[in-house]
Amino acid sequence: MQIGFGELIYILNMNSAFLMSRAPLFQEDLINRYDKPGPRYTSYPPATEFHDQISESDYRTWAGQSNEEPIPKPLSLYFHIPFCSSICYYCACNKVITMKKERAEPYLQDLYREIEIQGRLFDADREVRQLHWGGGTPGFLSHQQSGQLMEKIAQHFKLKPEADTDYAIELDPRVIEKGGISHLRALGFNRISIGVQDLDEKVQKAVNRVQSLETTSAVIDDARRHGMRSINIDLIYGLPHQTLESFAATLDRIIDLDPDRIAMYNYAHLPHRFPPQRRIQAEDLPNAADKLSILHSAIDKLCAAGYEYIGMDHFARPDDELAVAQRSGNLHRNFQGYSAHAQCDSIGFGVSAISHVSDNFSQNTLSLESYHESLDREQLPVIRGFCSDEDDLLRREIIQSLVCHFHLDTERIARRWEIDFGEYFAHELGDLREMELDGLVKVNDNQIIVREAGRLLVRNICMIFDRYQRDGKVTGSFSRTV
């Protein structure tokens, strides 16, 4: 593929900005000053702006519009499997706690109906580039159940050959059936994400997730034997009884496992919103200073071990697809986190799942009962969403560039959107001046570069361009930015 001179300069600028700051610079005074609740920008506008004026009819219209594009986008499919065999007290996911696999059968039958309805809305030749099963824990399903689900997906959507795909599944190593990795590999999955959170036994007991290093290691070894292309491990800092020393010990053992990616999330204690968190005692949580020390030490340790800081809590080996995509300017962010597959229409299946089709958003009901009732009427269970205007699309592109590449080519944006960037974003550029004085960004006539000290605070920088946050609407509904 040939590229023009302008595109080449754009890519070189992004790579230059990236290479100047391989690891974020940790400045505790700045972090303390800027740390506040804010969106994670898995979408723009954030899901907090979704409203109930969006209906199934709107979604069907958007699906039709996406088919009529000159070159329709490939598809990304997300399936929410809400079942878990035990409850983790920190969890904020939409979930059903049960030991009985038969409890999943009515839900799967509803899911099959949703697949059939959705499959009729999209042209049959649109390939599935990305597939993700999340939860809950999809590993809860039996081999027969997961096999039937994948078979149903293949009947109604065009699954691609493996070389061009990212088919991922979230796993809890404690509930994988014997031969589970081999089975998942045969179904077409080539990437797994393993929940660990912490390996310290005292921390594990406090959050009701006791999981040995040996259990996790066995799953990783099995995944490598069966040719899984990428392995991610999820960790959480800020959990009860965590200390600088205990989390450093967890990281040492995780690094020894050599995963391709590590996602290290900030625990947000919101017991008023998520009832399971009420079982966590606030006095057992590390204080703000200790939490920052844990984060600082963890970043230093991971970067010293050869991981690159992708952004927003994510680290990856230099040869991982995410790191390669970031260097080439192809990294994207969506509801599953960072992705190397940018230009996709995303379809969400199951309770609470979110779709992003034809630049607009829709979300399914959170209730199993209403989910069933809608599909029983042959209707999609859409309960809310958001229809984007041109300003939303412009700001979405800006936020995507900042959060994925730590760089924004303002001249390119001005040409593409036919605007005077300085005039259109005069207030935003004014607000960036304080951040520039603090060393978080560098602003000149044709670009904005997130500097090393700004990479940990990139959510704050994005919030400058978020018109929905400019009205003082930032609340505790979001996790804190660091």
# chains A, B, ... in the order shown; residues from 1 in each chain; ligands from 1
$ select_by_dssp --residues "segment 34-267 of chain A" --states "helix (DSSP H, G or I)" --output "PyMOL selection string"
chain A and resi 34+47-49+56-67+101-121+138-140+143-156+162-164+173-175+180-187+201-206+213-225+244-257
$ write_last_selection --atoms "C-alpha atoms" --output "short mmCIF file (atom, residue, chain, number, x, y, z; two decimals), in the first residue's frame"
data_model
loop_
_atom_site.label_atom_id
_atom_site.label_comp_id
_atom_site.auth_asym_id
_atom_site.auth_seq_id
_atom_site.Cartn_x
_atom_site.Cartn_y
_atom_site.Cartn_z
CA TYR A 34 -4.51 16.36 38.90
CA ALA A 47 -21.33 5.73 28.60
CA THR A 48 -22.53 8.08 31.35
CA GLU A 49 -23.96 10.24 28.55
CA GLU A 56 -34.17 -0.80 18.84
CA SER A 57 -35.49 1.03 15.78
CA ASP A 58 -32.55 3.45 15.92
CA TYR A 59 -30.12 0.56 16.12
CA ARG A 60 -31.66 -1.18 13.12
CA THR A 61 -31.37 2.06 11.15
CA TRP A 62 -27.70 2.39 12.06
CA ALA A 63 -27.01 -1.22 11.07
CA GLY A 64 -28.58 -0.56 7.67
CA GLN A 65 -26.52 2.60 7.24
CA SER A 66 -23.33 0.69 8.05
CA ASN A 67 -24.09 -1.81 5.25
CA LYS A 101 -23.81 -24.82 34.59
CA GLU A 102 -27.42 -25.61 33.67
CA ARG A 103 -28.30 -22.11 34.94
CA ALA A 104 -26.64 -20.80 31.76
CA GLU A 105 -28.91 -22.73 29.38
CA PRO A 106 -31.90 -20.32 29.26
CA TYR A 107 -29.50 -17.41 28.81
CA LEU A 108 -27.68 -19.17 25.98
CA GLN A 109 -30.97 -19.85 24.21
CA ASP A 110 -31.75 -16.12 24.40
CA LEU A 111 -28.24 -15.34 23.18
CA TYR A 112 -28.78 -17.61 20.17
CA ARG A 113 -31.92 -15.66 19.28
CA GLU A 114 -30.05 -12.38 19.56
CA ILE A 115 -27.32 -13.76 17.27
CA GLU A 116 -29.95 -14.74 14.70
CA ILE A 117 -31.60 -11.30 14.77
CA GLN A 118 -28.30 -9.43 14.62
CA GLY A 119 -27.03 -11.70 11.86
CA ARG A 120 -29.94 -10.68 9.63
CA LEU A 121 -29.09 -6.99 10.04
CA PRO A 138 -16.85 -17.29 29.96
CA GLY A 139 -14.77 -20.25 31.15
CA PHE A 140 -17.80 -21.10 33.32
CA HIS A 143 -17.26 -27.57 26.49
CA GLN A 144 -20.60 -28.42 24.94
CA GLN A 145 -22.07 -25.00 25.74
CA SER A 146 -19.10 -23.01 24.42
CA GLY A 147 -18.92 -25.22 21.32
CA GLN A 148 -22.60 -24.65 20.55
CA LEU A 149 -22.22 -20.91 21.05
CA MET A 150 -19.30 -20.66 18.63
CA GLU A 151 -21.18 -22.83 16.13
CA LYS A 152 -24.16 -20.47 16.30
CA ILE A 153 -21.88 -17.45 15.76
CA ALA A 154 -20.31 -19.10 12.71
CA GLN A 155 -23.73 -19.82 11.23
CA HIS A 156 -24.69 -16.14 11.21
CA GLU A 162 -6.92 -17.07 12.09
CA ALA A 163 -3.97 -15.10 10.66
CA ASP A 164 -6.04 -11.92 10.48
CA PRO A 173 -7.92 -20.31 35.99
CA ARG A 174 -9.83 -21.76 38.94
CA VAL A 175 -12.83 -22.89 36.86
CA GLY A 180 -10.25 -26.44 28.41
CA ILE A 181 -7.40 -24.61 26.66
CA SER A 182 -7.20 -27.26 23.94
CA HIS A 183 -10.96 -26.97 23.45
CA LEU A 184 -10.88 -23.17 23.24
CA ARG A 185 -7.99 -23.30 20.78
CA ALA A 186 -9.98 -25.68 18.58
CA LEU A 187 -12.89 -23.21 18.65
CA GLU A 201 -2.80 -14.82 50.16
CA LYS A 202 -3.93 -12.19 52.68
CA VAL A 203 -5.13 -9.90 49.88
CA GLN A 204 -6.79 -12.82 48.09
CA LYS A 205 -8.75 -13.82 51.18
CA ALA A 206 -9.88 -10.23 51.74
CA LEU A 213 0.51 -19.14 41.39
CA GLU A 214 0.63 -22.80 40.32
CA THR A 215 -2.98 -22.68 39.09
CA THR A 216 -2.28 -19.58 36.99
CA SER A 217 1.05 -20.89 35.71
CA ALA A 218 -0.51 -24.19 34.59
CA VAL A 219 -3.06 -22.36 32.42
CA ILE A 220 -0.35 -20.18 30.85
CA ASP A 221 1.85 -23.19 30.12
CA ASP A 222 -1.10 -24.98 28.54
CA ALA A 223 -1.97 -21.91 26.46
CA ARG A 224 1.58 -21.75 25.09
CA ARG A 225 1.63 -25.47 24.31
CA LEU A 244 4.48 -1.80 48.45
CA GLU A 245 6.42 -4.96 49.32
CA SER A 246 3.57 -7.44 48.80
CA PHE A 247 2.60 -6.08 45.38
CA ALA A 248 6.25 -5.96 44.30
CA ALA A 249 6.47 -9.66 45.17
CA THR A 250 3.33 -10.34 43.10
CA LEU A 251 4.83 -8.48 40.13
CA ASP A 252 8.10 -10.40 40.38
CA ARG A 253 6.21 -13.68 40.07
CA ILE A 254 4.01 -12.35 37.26
CA ILE A 255 7.04 -11.14 35.30
CA ASP A 256 8.57 -14.63 35.69
CA LEU A 257 5.46 -15.99 33.92
#
$ select_by_dssp --residues "segment 31-262 of chain A" --states "strand (DSSP E or B)" --output "PyMOL selection string"
chain A and resi 37+51+75-81+83-84+96-97+127-135+158-159+166-171+191-197+230-237+261-262
$ closest_residue --among "A:Ile398, A:Ile236, A:Cys462, A:Cys404" --to "Met435 of chain A" --atoms "only C-alpha atoms"
A:Cys462
$ closest_residue --among "A:Asn232, A:Asn360, A:Thr98, A:Asn32" --to "Ala288 of chain A" --atoms "only C-alpha atoms"
A:Asn32
$ atom_distance --atom1 "atom CA of Tyr41 of chain A" --atom2 "atom CA of Phe465 of chain A"
11.6 Å
$ closest_residue --among "A:Asp35, A:Glu308, A:Asp345, A:Glu283" --to "Leu75 of chain A" --atoms "only C-alpha atoms"
A:Asp345
$ residues_around --residues "Pro45 of chain A" --least-positions-apart "5" --cutoff "8 Å" --atoms "only C-alpha atoms" --output "PyMOL selection string"
chain A and resi 392+396+466+468
$ residues_around --residues "Asp234 of chain A" --least-positions-apart "6" --cutoff "10 Å" --atoms "only C-alpha atoms" --output "list in words"
Glu170, Ser193, Ile194, Gly195, Val196, Gln197, Asp198, Arg261, Ile262, Ala263, Met264, Tyr265, Asp313 and His314 of chain A
